[in-house]
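K.L.:
Contents of structure_7.txt (compact mmCIF, C-alpha atoms):
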```txt
# COMPACT_ATOMS: atom_id res chain seq x y z
CA MET A 81 -32.56 -14.87 -36.24
CA SER A 82 -31.41 -16.52 -39.49
CA ASN A 83 -27.77 -15.52 -39.04
CA ASN A 84 -27.66 -16.82 -35.47
CA THR A 85 -29.31 -20.09 -36.52
CA LYS A 86 -26.72 -20.65 -39.22
CA VAL A 87 -23.85 -19.79 -36.89
CA ILE A 88 -25.01 -22.24 -34.22
CA ILE A 89 -25.75 -25.20 -36.50
CA LYS A 90 -22.52 -24.69 -38.42
CA LYS A 91 -20.61 -24.79 -35.15
CA LEU A 92 -22.45 -27.88 -33.90
CA LEU A 93 -21.80 -29.78 -37.13
CA VAL A 94 -18.06 -29.10 -36.90
CA TYR A 95 -17.79 -31.06 -33.64
CA ASN A 96 -17.27 -34.77 -34.26
CA THR A 97 -19.66 -36.48 -31.85
CA THR A 98 -20.12 -39.72 -33.81
CA ASN A 99 -20.84 -42.59 -31.47
CA HIS A 100 -20.08 -46.30 -31.83
CA SER A 101 -21.04 -49.37 -29.84
CA ASN A 102 -17.69 -51.12 -30.37
CA GLN A 103 -15.26 -48.26 -30.98
CA GLU A 104 -14.10 -45.21 -29.11
CA GLY A 105 -16.06 -42.02 -29.81
CA GLY A 106 -19.09 -40.04 -28.72
CA TYR A 107 -16.91 -37.25 -27.36
CA THR A 108 -19.53 -34.59 -26.70
CA LEU A 109 -17.83 -32.55 -23.99
CA PRO A 110 -16.23 -29.93 -26.31
CA LEU A 111 -19.61 -29.29 -27.97
CA LEU A 112 -21.35 -28.93 -24.60
CA LYS A 113 -18.74 -26.43 -23.44
CA TYR A 114 -19.42 -24.39 -26.59
CA VAL A 115 -23.16 -24.39 -25.80
CA GLU A 116 -22.37 -23.36 -22.22
CA LYS A 117 -20.63 -20.24 -23.54
CA GLU A 118 -23.36 -19.58 -26.11
CA ILE A 119 -26.23 -19.48 -23.59
CA GLY A 120 -24.32 -18.30 -20.55
CA SER A 121 -25.43 -15.20 -18.61
CA SER A 122 -25.69 -14.06 -15.01
CA ASP A 123 -29.38 -15.07 -15.01
CA VAL A 124 -28.77 -18.67 -16.11
CA GLU A 125 -27.70 -21.63 -13.99
CA ILE A 126 -25.71 -24.13 -16.11
CA GLN A 127 -24.28 -27.48 -15.11
CA ILE A 128 -22.36 -30.00 -17.21
CA GLN A 129 -22.58 -33.52 -15.81
CA GLU A 130 -19.53 -35.51 -16.87
CA TYR A 131 -19.69 -39.28 -16.71
CA GLN A 132 -17.96 -42.37 -18.07
CA VAL A 133 -19.23 -45.32 -20.09
CA GLU A 134 -17.89 -48.81 -19.52
CA THR A 135 -17.79 -50.92 -22.67
CA VAL A 136 -15.85 -53.68 -24.42
CA ILE A 137 -13.75 -52.89 -27.51
CA ASN A 138 -11.94 -55.70 -29.34
CA GLY A 139 -12.43 -57.95 -26.34
CA ASN A 140 -10.95 -55.45 -23.89
CA LYS A 141 -12.82 -53.55 -21.17
CA LYS A 142 -12.67 -49.81 -21.72
CA LYS A 143 -13.88 -46.68 -19.93
CA LEU A 144 -14.91 -43.93 -22.33
CA THR A 145 -14.70 -40.33 -21.13
CA LYS A 146 -15.17 -36.80 -22.57
CA ARG A 147 -18.97 -37.07 -22.53
CA GLY A 148 -21.72 -35.55 -20.45
CA ASN A 149 -25.07 -33.78 -20.18
CA LEU A 150 -25.78 -30.07 -20.07
CA ILE A 151 -28.61 -28.73 -17.90
CA ALA A 152 -29.56 -25.04 -17.89
CA TYR A 153 -32.41 -23.03 -16.38
CA ILE A 154 -33.27 -19.47 -15.40
CA LYS A 155 -32.30 -18.61 -11.84
CA GLY A 156 -35.17 -17.76 -9.52
CA CYS A 157 -37.94 -18.16 -12.12
CA ARG A 158 -41.04 -19.49 -10.34
CA LYS A 159 -43.11 -20.25 -13.45
CA PRO A 160 -43.97 -23.92 -14.16
CA LYS A 161 -40.98 -25.59 -15.81
CA ILE A 162 -41.03 -27.19 -19.26
CA LEU A 163 -38.08 -29.35 -20.32
CA LEU A 164 -36.49 -28.89 -23.76
CA GLN A 165 -34.45 -32.01 -24.46
CA GLY A 166 -32.18 -33.26 -27.23
CA HIS A 167 -29.08 -35.40 -27.71
CA VAL A 168 -25.85 -34.20 -29.29
CA ASP A 169 -24.14 -37.46 -30.29
CA THR A 170 -24.69 -38.86 -33.80
CA VAL A 171 -24.48 -42.18 -35.58
CA PRO A 172 -21.14 -42.97 -37.25
CA ASN A 173 -20.03 -41.15 -40.41
CA GLU A 174 -18.47 -43.61 -42.86
CA SER A 175 -18.04 -41.03 -45.61
CA ASP A 176 -15.61 -38.15 -46.11
CA PHE A 177 -18.43 -35.64 -46.66
CA THR A 178 -17.76 -32.30 -44.95
CA PRO A 179 -20.82 -30.62 -43.34
CA LYS A 180 -22.17 -27.71 -45.34
CA VAL A 181 -24.38 -24.80 -44.27
CA THR A 182 -25.92 -22.44 -46.83
CA ASN A 183 -28.53 -19.68 -46.56
CA THR A 184 -31.27 -22.31 -46.94
CA THR A 185 -30.03 -25.68 -45.69
CA ALA A 186 -27.63 -27.50 -43.39
CA THR A 187 -26.27 -30.81 -44.65
CA GLY A 188 -24.09 -33.46 -43.02
CA ARG A 189 -23.98 -36.09 -40.32
CA GLY A 190 -26.28 -35.01 -37.51
CA ALA A 191 -28.01 -32.16 -39.39
CA VAL A 192 -31.39 -33.87 -38.89
CA ASP A 193 -30.61 -36.22 -36.00
CA MET A 194 -30.32 -34.05 -34.18
CA LYS A 195 -28.07 -31.00 -34.30
CA GLY A 196 -30.60 -29.08 -36.40
CA PRO A 197 -33.36 -29.52 -33.79
CA VAL A 198 -30.85 -28.86 -30.99
CA THR A 199 -29.98 -25.58 -32.71
CA GLY A 200 -33.65 -24.64 -32.40
CA LEU A 201 -33.68 -25.60 -28.72
CA ILE A 202 -30.55 -23.53 -28.00
CA SER A 203 -31.90 -20.49 -29.87
CA THR A 204 -35.25 -20.75 -28.09
CA PHE A 205 -33.71 -21.10 -24.65
CA LYS A 206 -31.29 -18.22 -25.20
CA GLU A 207 -34.01 -15.81 -26.36
CA LEU A 208 -36.41 -16.80 -23.57
CA THR A 209 -33.79 -16.11 -20.91
CA GLU A 210 -33.83 -12.49 -22.08
CA LYS A 211 -37.58 -12.20 -21.33
CA PRO A 212 -38.05 -13.70 -17.83
CA GLY A 213 -40.86 -11.32 -16.93
CA GLU A 214 -42.96 -12.34 -19.95
CA LEU A 215 -42.78 -16.11 -19.50
CA GLN A 216 -45.82 -18.32 -18.94
CA TYR A 217 -43.49 -21.30 -18.52
CA SER A 218 -39.85 -21.45 -17.50
CA PRO A 219 -37.58 -23.38 -19.92
CA VAL A 220 -35.13 -26.03 -18.76
CA LEU A 221 -32.60 -27.05 -21.41
CA LEU A 222 -31.27 -30.60 -21.28
CA LEU A 223 -28.70 -31.80 -23.83
CA THR A 224 -27.68 -35.43 -23.45
CA SER A 225 -25.08 -37.83 -24.83
CA ASP A 226 -25.01 -41.54 -25.74
CA GLU A 227 -28.43 -41.73 -27.32
CA GLU A 228 -27.03 -43.40 -30.44
CA ALA A 229 -24.88 -45.94 -28.57
CA HIS A 230 -24.23 -47.30 -25.07
CA ASN A 231 -27.87 -47.86 -24.16
CA PHE A 232 -28.97 -44.28 -23.51
CA ALA A 233 -26.31 -43.73 -20.84
CA GLY A 234 -26.69 -39.94 -20.85
CA ILE A 235 -30.41 -39.60 -20.12
CA LYS A 236 -30.17 -42.42 -17.56
CA HIS A 237 -27.31 -40.63 -15.79
CA PHE A 238 -29.38 -37.42 -15.68
CA LEU A 239 -32.41 -39.18 -14.22
CA ARG A 240 -30.30 -40.94 -11.59
CA ASN A 241 -28.49 -37.73 -10.66
CA PRO A 242 -30.85 -34.83 -11.43
CA PRO A 243 -29.39 -31.40 -10.58
CA ILE A 244 -32.92 -30.05 -10.53
CA ASN A 245 -36.02 -31.32 -8.72
CA LEU A 246 -37.83 -33.39 -11.34
CA ASP A 247 -41.14 -32.85 -9.54
CA THR A 248 -40.99 -29.18 -10.53
CA ILE A 249 -41.01 -30.03 -14.25
CA LYS A 250 -44.57 -29.95 -15.56
CA SER A 251 -43.94 -31.42 -19.01
CA GLY A 252 -41.27 -31.94 -21.64
CA ILE A 253 -40.54 -31.66 -25.35
CA CYS A 254 -38.03 -33.99 -26.94
CA GLY A 255 -36.79 -32.24 -30.08
CA GLU A 256 -36.24 -35.28 -32.34
CA PRO A 257 -37.26 -34.59 -35.98
CA THR A 258 -40.99 -34.99 -36.66
CA ASN A 259 -41.58 -32.62 -39.59
CA LEU A 260 -42.83 -30.06 -37.05
CA LYS A 261 -45.64 -32.27 -35.77
CA VAL A 262 -46.16 -32.93 -32.08
CA LYS A 263 -46.17 -36.67 -31.44
CA ASN A 264 -47.70 -38.05 -28.26
CA LYS A 265 -47.84 -41.70 -29.39
CA LEU A 266 -44.34 -43.11 -28.99
CA TYR A 267 -43.18 -46.43 -30.41
CA GLY A 268 -41.25 -48.84 -28.26
CA ALA A 269 -37.86 -50.30 -29.18
CA MET A 270 -36.16 -53.67 -28.91
CA TYR A 271 -32.57 -54.72 -29.46
CA LEU A 272 -31.97 -58.47 -29.69
CA ILE A 273 -28.87 -60.55 -30.42
CA LEU A 274 -29.29 -64.06 -31.82
CA GLU A 275 -26.37 -66.51 -31.84
CA THR A 276 -25.81 -69.87 -33.46
CA HIS A 277 -22.90 -72.08 -32.46
CA GLY A 278 -20.87 -74.65 -34.36
CA LYS A 279 -17.51 -76.37 -34.00
CA GLU A 280 -14.34 -74.72 -35.24
CA GLY A 281 -12.31 -76.90 -37.60
CA HIS A 282 -10.71 -77.35 -41.01
CA PRO A 283 -13.08 -76.61 -43.93
CA ALA A 284 -11.96 -79.77 -45.77
CA MET A 285 -13.71 -81.90 -43.15
CA ARG A 286 -17.09 -83.23 -44.28
CA ASN A 287 -20.19 -82.88 -42.10
CA SER A 288 -18.65 -80.01 -40.16
CA GLU A 289 -20.85 -78.05 -37.75
CA ASN A 290 -20.92 -74.59 -39.38
CA ALA A 291 -22.50 -71.79 -37.31
CA ILE A 292 -23.13 -69.57 -40.36
CA GLU A 293 -24.93 -72.38 -42.19
CA LYS A 294 -27.08 -72.88 -39.09
CA ALA A 295 -28.05 -69.20 -39.30
CA ILE A 296 -29.44 -69.43 -42.85
CA PRO A 297 -32.85 -71.01 -41.99
CA ILE A 298 -33.06 -68.67 -38.99
CA LEU A 299 -32.65 -65.64 -41.24
CA GLU A 300 -35.35 -67.01 -43.52
CA LYS A 301 -37.74 -67.36 -40.58
CA ILE A 302 -36.86 -63.89 -39.31
CA ASN A 303 -37.69 -62.51 -42.74
CA ARG A 304 -41.06 -64.28 -42.67
CA PHE A 305 -41.67 -62.89 -39.18
CA LYS A 306 -40.84 -59.39 -40.47
CA LYS A 307 -43.47 -59.80 -43.22
CA TYR A 308 -45.97 -60.99 -40.60
CA LEU A 309 -45.34 -57.84 -38.54
CA ASP A 310 -45.77 -55.71 -41.67
CA LYS A 311 -49.37 -56.96 -41.92
CA LYS A 312 -50.20 -56.91 -38.20
CA GLU A 313 -51.58 -53.42 -37.70
CA ILE A 314 -52.14 -52.26 -34.12
CA SER A 315 -54.74 -49.58 -33.41
CA LEU A 316 -53.27 -46.13 -32.71
CA PHE A 317 -49.69 -47.12 -33.55
CA GLY A 318 -49.78 -49.11 -36.80
CA ILE A 319 -47.24 -51.85 -37.49
CA SER A 320 -44.06 -53.02 -35.77
CA VAL A 321 -40.93 -52.68 -37.92
CA LEU A 322 -38.06 -55.18 -37.79
CA ASN A 323 -34.56 -54.55 -39.11
CA ILE A 324 -31.67 -57.01 -39.40
CA GLY A 325 -28.85 -54.59 -38.74
CA VAL A 326 -25.66 -56.63 -38.25
CA ILE A 327 -24.48 -60.16 -39.06
CA ASN A 328 -21.09 -61.37 -37.78
CA GLY A 329 -19.55 -64.80 -38.20
CA GLY A 330 -16.28 -66.58 -38.75
CA ILE A 331 -12.67 -65.55 -38.33
CA LYS A 332 -11.05 -66.76 -41.60
CA VAL A 333 -12.19 -68.22 -44.89
CA ASN A 334 -10.29 -71.46 -44.22
CA VAL A 335 -11.76 -72.06 -40.76
CA VAL A 336 -15.22 -73.48 -40.03
CA PRO A 337 -17.00 -70.75 -38.03
CA SER A 338 -17.90 -71.61 -34.46
CA CYS A 339 -20.27 -68.67 -33.95
CA CYS A 340 -22.63 -66.49 -35.98
CA GLN A 341 -24.35 -63.45 -34.51
CA ILE A 342 -27.44 -61.71 -35.86
CA GLN A 343 -28.39 -58.32 -34.39
CA LEU A 344 -32.02 -57.19 -34.70
CA SER A 345 -33.84 -54.00 -33.87
CA ILE A 346 -37.63 -53.79 -33.70
CA ARG A 347 -39.69 -50.62 -33.39
CA ASN A 348 -42.61 -52.23 -31.61
CA ALA A 349 -46.20 -51.03 -31.82
CA GLU A 350 -47.31 -53.41 -29.07
CA PRO A 351 -45.75 -54.53 -25.77
CA ALA A 352 -42.18 -55.72 -26.17
CA ALA A 353 -42.77 -58.94 -24.22
CA LYS A 354 -45.52 -59.94 -26.64
CA VAL A 355 -43.37 -59.26 -29.72
CA GLU A 356 -40.41 -61.14 -28.25
CA GLN A 357 -42.65 -64.10 -27.39
CA MET A 358 -43.91 -64.20 -31.01
CA LEU A 359 -40.32 -64.13 -32.32
CA ARG A 360 -39.26 -66.95 -29.99
CA GLU A 361 -42.27 -68.97 -31.12
CA ALA A 362 -41.31 -68.43 -34.77
CA LEU A 363 -37.78 -69.75 -34.02
CA LYS A 364 -38.71 -72.50 -31.54
CA ASP A 365 -37.47 -75.34 -33.78
CA GLU A 366 -34.07 -73.73 -34.39
CA ASP A 367 -30.85 -74.19 -32.42
CA VAL A 368 -30.39 -70.52 -31.57
CA GLU A 369 -29.66 -68.47 -28.45
CA ILE A 370 -31.71 -65.26 -28.15
CA LYS A 371 -30.40 -62.45 -25.93
CA SER A 372 -32.53 -59.41 -25.16
CA ILE A 373 -30.25 -56.37 -24.80
CA PHE A 374 -33.05 -53.89 -24.14
CA THR A 375 -36.81 -53.68 -24.64
CA TYR A 376 -39.16 -50.72 -24.21
CA ASP A 377 -42.91 -50.62 -24.61
CA PRO A 378 -44.85 -48.10 -26.71
CA TYR A 379 -46.28 -45.18 -24.78
CA THR A 380 -49.11 -42.69 -25.18
CA VAL A 381 -48.39 -39.30 -23.58
CA ASN A 382 -50.97 -37.03 -22.05
CA GLY A 383 -50.31 -33.94 -24.18
CA GLN A 384 -53.18 -31.97 -22.70
CA ILE A 385 -50.94 -29.08 -21.69
CA PHE A 386 -50.31 -28.23 -25.34
CA LYS A 387 -53.98 -28.44 -26.29
CA ASN A 388 -55.29 -26.41 -23.37
CA GLU A 389 -53.02 -23.42 -23.68
CA GLY A 390 -54.30 -22.27 -27.06
CA THR A 391 -51.23 -23.57 -28.85
CA GLY A 392 -52.70 -26.64 -30.52
CA ASN A 393 -52.67 -25.11 -33.99
CA LYS A 394 -49.16 -23.70 -33.62
CA LEU A 395 -47.76 -27.01 -32.35
CA ASN A 396 -49.82 -29.10 -34.79
CA ILE A 397 -50.57 -32.05 -32.50
CA SER A 398 -50.64 -35.11 -34.74
CA ASN A 399 -52.59 -38.36 -34.64
CA GLU A 400 -49.61 -40.11 -36.22
CA PRO A 401 -47.21 -41.97 -33.89
CA ALA A 402 -43.49 -41.29 -33.64
CA ALA A 403 -42.26 -44.49 -35.28
CA PHE A 404 -38.87 -44.41 -33.59
CA MET A 405 -37.43 -44.69 -30.10
CA THR A 406 -36.47 -41.47 -28.30
CA GLU A 407 -35.32 -40.38 -24.87
CA ALA A 408 -38.88 -39.15 -24.28
CA THR A 409 -39.65 -42.72 -23.21
CA PHE A 410 -37.29 -42.42 -20.22
CA LEU A 411 -38.62 -39.00 -19.26
CA ASN A 412 -42.19 -40.32 -19.34
CA GLN A 413 -41.16 -43.31 -17.21
CA ALA A 414 -39.69 -40.82 -14.72
CA GLY A 415 -43.04 -39.01 -14.46
CA ILE A 416 -42.37 -36.12 -16.87
CA PRO A 417 -45.05 -36.17 -19.62
CA THR A 418 -42.91 -35.63 -22.72
CA VAL A 419 -43.98 -35.37 -26.34
CA VAL A 420 -41.70 -35.53 -29.39
CA TYR A 421 -41.60 -32.43 -31.56
CA GLY A 422 -38.88 -31.13 -33.81
CA PRO A 423 -37.91 -29.86 -37.27
CA GLY A 424 -36.55 -32.07 -40.01
CA ASN A 425 -37.66 -35.15 -41.91
CA PRO A 426 -37.12 -38.25 -39.74
CA ASN A 427 -36.67 -40.34 -42.89
CA LEU A 428 -33.39 -38.47 -43.48
CA ALA A 429 -32.00 -39.29 -40.04
CA HIS A 430 -29.08 -41.75 -40.33
CA ALA A 431 -29.07 -41.30 -44.11
CA ASP A 432 -25.87 -40.85 -46.11
CA PRO A 433 -24.35 -37.61 -44.71
CA LYS A 434 -24.66 -35.81 -48.04
CA GLU A 435 -28.40 -36.65 -48.01
CA GLU A 436 -29.01 -35.72 -44.36
CA LYS A 437 -30.21 -32.14 -44.66
CA ILE A 438 -32.55 -29.76 -42.89
CA LEU A 439 -34.07 -26.43 -43.90
CA ILE A 440 -32.90 -23.39 -41.96
CA THR A 441 -36.44 -22.01 -42.15
CA ASP A 442 -37.80 -25.15 -40.47
CA ILE A 443 -35.43 -24.66 -37.53
CA GLU A 444 -36.58 -21.03 -37.26
CA ARG A 445 -40.28 -21.96 -37.48
CA TYR A 446 -39.65 -24.50 -34.74
CA SER A 447 -37.99 -21.96 -32.49
CA ASP A 448 -40.74 -19.39 -33.14
CA SER A 449 -43.48 -21.88 -32.21
CA LEU A 450 -41.70 -22.84 -28.99
CA LYS A 451 -41.24 -19.20 -28.02
CA SER A 452 -44.94 -18.55 -28.66
CA PHE A 453 -45.83 -21.44 -26.39
CA PHE A 454 -43.54 -20.34 -23.55
CA LEU A 455 -44.69 -16.72 -23.82
CA GLY A 456 -48.39 -17.66 -24.10
CA ASN A 457 -48.83 -15.86 -27.44
```
The structure in this file should be written as structure tokens.
P.N.:
Amino acid sequence: MSNNTKVIIKKLLVYNTTNHSNQEGGYTLPLLKYVEKEIGSSDVEIQIQEYQVETVINGNKKKLTKRGNLIAYIKGCRKPKILLQGHVDTVPNESDFTPKVTNTTATGRGAVDMKGPVTGLISTFKELTEKPGELQYSPVLLLTSDEEAHNFAGIKHFLRNPPINLDTIKSGICGEPTNLKVKNKLYGAMYLILETHGKEGHPAMRNSENAIEKAIPILEKINRFKKYLDKKEISLFGISVLNIGVINGGIKVNVVPSCCQIQLSIRNAEPAAKVEQMLREALKDEDVEIKSIFTYDPYTVNGQIFKNEGTGNKLNISNEPAAFMTEATFLNQAGIPTVVYGPGNPNLAHADPKEEKILITDIERYSDSLKSFFLGN
């Protein structure tokens, strides 16, 4: 299988599917059409759901196209269905590094998050479709877009417009990288935007109302709140992790800024409403507007199906939580018990592209373990 693995991941890495919140991109349709050809056969039903994303770029409303979801399953198979899910868009690539695939590794933007794991899902699905009579479970492949930007538009579109009866899906596996450990404790996620406001004017004026200067004590309090979260360990999940990801303010050096924006993400180990309330309390004396873009609570999945079928050792169910947000949260909310399990080191996801690498053997071990599960070996 090594040759096929290398061929697929090399092809996936060539497609530019980098996704941005405030730029055009995330064009996944060409990649999905390649996968359609790769797994296509007379025994497989395949559908590509195209959709659009409405966003604002440079102050202008824009509809982004050339994106979609791919759903594939074996025609007429009456075995209980298990969903294999992954996303094919990536975070932006600010370097000029060209993806590289050798006999041992694949390196480049998306190798870990998550075109390497998706390679394993594609290989698994394709091989299982050739053995319909041996299956204990019937695989359903779901590849989504807009996980890295545009508020999970792909998985939400699938769940609003499912081309397959969701009630027939017994469980799911989201293939995000977990170092080949099954994770059934899923962190929540929060995205907050904080804004301070001043009065635009000439910088020579004394006692001007400067929005960036207003943000300085707020940043200091956010940093103290981050340290508080670092020490506040929650049973089962551990600590919540806060990241100040973006700061924007001002239009020119010789103009007093009228607005400063601070964008935060929090991987929350306890309910989002509680964490947001604590943050608001920490900032209650500051003149700041806090906007909640999205919040999701942590979730513990009933992973009994993997333990009961004699596959616990192969799938290596872990007591450690998945300390990152995945589309498994939405599948669980829709009534599909979904764990997170995939090859690759999650610490290398979103790293510099020349550092984002995955072992070919890990992708193959992943695919082998999935096949064993579906075949009941």
K.L.:
Return the single residue from A:Ser121, A:Thr85, A:Thr170, A:Asn348 that is closest to Pro433 of chain A, with distances computed using all atoms listed in the file.
P.N.:
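Selected residue with least distance to Pro433 of chain A: A:Thr170.
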K.L.:
Counting all atoms listed in the file, what is within 12 Å of Val220 of chain A, bar same-chain residues fewer than 4 positions away, as a PyMOL selection string?
P.N.:
chain A and resi 124-127+150-155+157+159-166+201-202+204-206+208-209+243-246+248-254+454
K.L.:
Mind giving me the straight-line distance from atom CA of Ile324 of chain A to atom CA of Ala269 of chain A in Å, one decimal?
P.N.:
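Atom-to-atom, atom CA of Ile324 of chain A to atom CA of Ala269 of chain A, that is 13.7 Å.
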K.L.:
Measuring atom to atom with all atoms listed in the file, identify which of A:Pro351, A:Pro417, A:Gly281, A:Pro401 is nearest to Val335 of chain A.
P.N.:
A:Gly281
K.L.:
With a distance cut-off of 12 Å and all atoms listed in the file, select the neighbouring residues of Arg445 of chain A, excluding the residue or stretch itself and same-chain residues fewer than 4 positions from it, and output the selection as a compact mmCIF listing (two decimals) with C-alpha atoms, in the coordinates of the input.
P.N.:
```txt
# COMPACT_ATOMS: atom_id res chain seq x y z
CA MET A 81 -32.56 -14.87 -36.24
CA SER A 82 -31.41 -16.52 -39.49
CA THR A 85 -29.31 -20.09 -36.52
CA PRO A 197 -33.36 -29.52 -33.79
CA THR A 199 -29.98 -25.58 -32.71
CA GLY A 200 -33.65 -24.64 -32.40
CA LEU A 201 -33.68 -25.60 -28.72
CA SER A 203 -31.90 -20.49 -29.87
CA THR A 204 -35.25 -20.75 -28.09
CA ASN A 259 -41.58 -32.62 -39.59
CA LEU A 260 -42.83 -30.06 -37.05
CA LYS A 261 -45.64 -32.27 -35.77
CA LYS A 394 -49.16 -23.70 -33.62
CA LEU A 395 -47.76 -27.01 -32.35
CA GLY A 422 -38.88 -31.13 -33.81
CA PRO A 423 -37.91 -29.86 -37.27
CA GLY A 424 -36.55 -32.07 -40.01
CA LEU A 439 -34.07 -26.43 -43.90
CA ILE A 440 -32.90 -23.39 -41.96
CA THR A 441 -36.44 -22.01 -42.15
CA SER A 449 -43.48 -21.88 -32.21
CA LEU A 450 -41.70 -22.84 -28.99
CA LYS A 451 -41.24 -19.20 -28.02
CA SER A 452 -44.94 -18.55 -28.66
```
K.L.:
With distances taken over all atoms listed in the file, which of A:Gly156, A:Gly105, A:Pro172, A:Gly120 is nearest to Leu144 of chain A?
P.N.:
A:Gly105
K.L.:
Would you mind telling me which residue in A:Leu299, A:Ala291, A:Leu363, A:Ile119 lies nearest to Gly330 of chain A when using only C-alpha atoms?
P.N.:
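Ranking A:Leu299, A:Ala291, A:Leu363, A:Ile119 by distance to Gly330 of chain A, first place goes to A:Ala291.
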K.L.:
Taking into account all atoms listed in the file, which residue in the set A:Gln216, A:Lys236, A:Phe453, A:Ser447 is nearest to Gln413 of chain A?
P.N.:
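Of all the options, A:Lys236 lies closest to Gln413 of chain A.
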K.L.:
With distances taken over only C-alpha atoms, which of A:Leu359, A:Leu93, A:Leu239, A:Ile298 is nearest to Arg189 of chain A?
P.N.:
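Of A:Leu359, A:Leu93, A:Leu239, A:Ile298, the one nearest Arg189 of chain A is A:Leu93, counting only C-alpha atoms.
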K.L.:
If you measure from atom CA of Ser225 of chain A to atom CA of Phe404 of chain A, what distance in Å do you get, rounded to one decimal?
P.N.:
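Calculated distance between atom CA of Ser225 of chain A and atom CA of Phe404 of chain A is 17.6 Å.
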K.L.:
For segment 315-332 of chain A of the block above, can you save N, CA and C atoms as a PDB file, in the first residue's frame?
P.N.:
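The new file part38.pdb reads:
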```
ATOM      1  N   SER A 315     -11.323  18.349  36.016  1.00  0.00           N
ATOM      2  CA  SER A 315     -11.233  16.893  35.958  1.00  0.00           C
ATOM      3  C   SER A 315     -11.601  16.401  34.563  1.00  0.00           C
ATOM      4  N   LEU A 316     -10.987  15.351  34.127  1.00  0.00           N
ATOM      5  CA  LEU A 316     -11.152  14.715  32.821  1.00  0.00           C
ATOM      6  C   LEU A 316     -10.459  15.488  31.700  1.00  0.00           C
ATOM      7  N   PHE A 317     -10.632  16.806  31.644  1.00  0.00           N
ATOM      8  CA  PHE A 317     -10.144  17.554  30.489  1.00  0.00           C
ATOM      9  C   PHE A 317      -8.806  18.257  30.726  1.00  0.00           C
ATOM     10  N   GLY A 318      -8.560  18.743  31.932  1.00  0.00           N
ATOM     11  CA  GLY A 318      -7.331  19.484  32.179  1.00  0.00           C
ATOM     12  C   GLY A 318      -7.599  20.975  32.213  1.00  0.00           C
ATOM     13  N   ILE A 319      -6.780  21.766  31.519  1.00  0.00           N
ATOM     14  CA  ILE A 319      -6.889  23.217  31.590  1.00  0.00           C
ATOM     15  C   ILE A 319      -7.451  23.797  30.291  1.00  0.00           C
ATOM     16  N   SER A 320      -8.064  24.975  30.403  1.00  0.00           N
ATOM     17  CA  SER A 320      -8.449  25.737  29.215  1.00  0.00           C
ATOM     18  C   SER A 320      -7.237  26.527  28.728  1.00  0.00           C
ATOM     19  N   VAL A 321      -7.136  26.691  27.415  1.00  0.00           N
ATOM     20  CA  VAL A 321      -5.970  27.347  26.809  1.00  0.00           C
ATOM     21  C   VAL A 321      -6.418  28.547  25.998  1.00  0.00           C
ATOM     22  N   LEU A 322      -5.892  29.719  26.346  1.00  0.00           N
ATOM     23  CA  LEU A 322      -6.253  30.967  25.673  1.00  0.00           C
ATOM     24  C   LEU A 322      -5.122  31.421  24.764  1.00  0.00           C
ATOM     25  N   ASN A 323      -5.482  31.914  23.595  1.00  0.00           N
ATOM     26  CA  ASN A 323      -4.493  32.452  22.661  1.00  0.00           C
ATOM     27  C   ASN A 323      -4.973  33.788  22.109  1.00  0.00           C
ATOM     28  N   ILE A 324      -4.106  34.809  22.224  1.00  0.00           N
ATOM     29  CA  ILE A 324      -4.361  36.089  21.562  1.00  0.00           C
ATOM     30  C   ILE A 324      -3.815  35.948  20.154  1.00  0.00           C
ATOM     31  N   GLY A 325      -4.709  35.861  19.176  1.00  0.00           N
ATOM     32  CA  GLY A 325      -4.281  35.512  17.831  1.00  0.00           C
ATOM     33  C   GLY A 325      -4.068  36.688  16.903  1.00  0.00           C
ATOM     34  N   VAL A 326      -4.879  37.749  17.050  1.00  0.00           N
ATOM     35  CA  VAL A 326      -4.807  38.887  16.122  1.00  0.00           C
ATOM     36  C   VAL A 326      -5.071  40.171  16.895  1.00  0.00           C
ATOM     37  N   ILE A 327      -4.272  41.206  16.597  1.00  0.00           N
ATOM     38  CA  ILE A 327      -4.525  42.560  17.100  1.00  0.00           C
ATOM     39  C   ILE A 327      -4.498  43.507  15.905  1.00  0.00           C
ATOM     40  N   ASN A 328      -5.564  44.286  15.741  1.00  0.00           N
ATOM     41  CA  ASN A 328      -5.644  45.270  14.659  1.00  0.00           C
ATOM     42  C   ASN A 328      -6.003  46.623  15.239  1.00  0.00           C
ATOM     43  N   GLY A 329      -5.341  47.671  14.759  1.00  0.00           N
ATOM     44  CA  GLY A 329      -5.690  49.009  15.217  1.00  0.00           C
ATOM     45  C   GLY A 329      -5.013  50.085  14.400  1.00  0.00           C
ATOM     46  N   GLY A 330      -5.721  51.180  14.186  1.00  0.00           N
ATOM     47  CA  GLY A 330      -5.141  52.314  13.493  1.00  0.00           C
ATOM     48  C   GLY A 330      -5.146  52.186  11.985  1.00  0.00           C
ATOM     49  N   ILE A 331      -5.044  53.346  11.326  1.00  0.00           N
ATOM     50  CA  ILE A 331      -4.999  53.353   9.865  1.00  0.00           C
ATOM     51  C   ILE A 331      -3.708  53.970   9.338  1.00  0.00           C
ATOM     52  N   LYS A 332      -3.115  54.910  10.110  1.00  0.00           N
ATOM     53  CA  LYS A 332      -1.854  55.553   9.728  1.00  0.00           C
ATOM     54  C   LYS A 332      -1.122  55.967  10.986  1.00  0.00           C
TER      55      LYS A 332
END
```
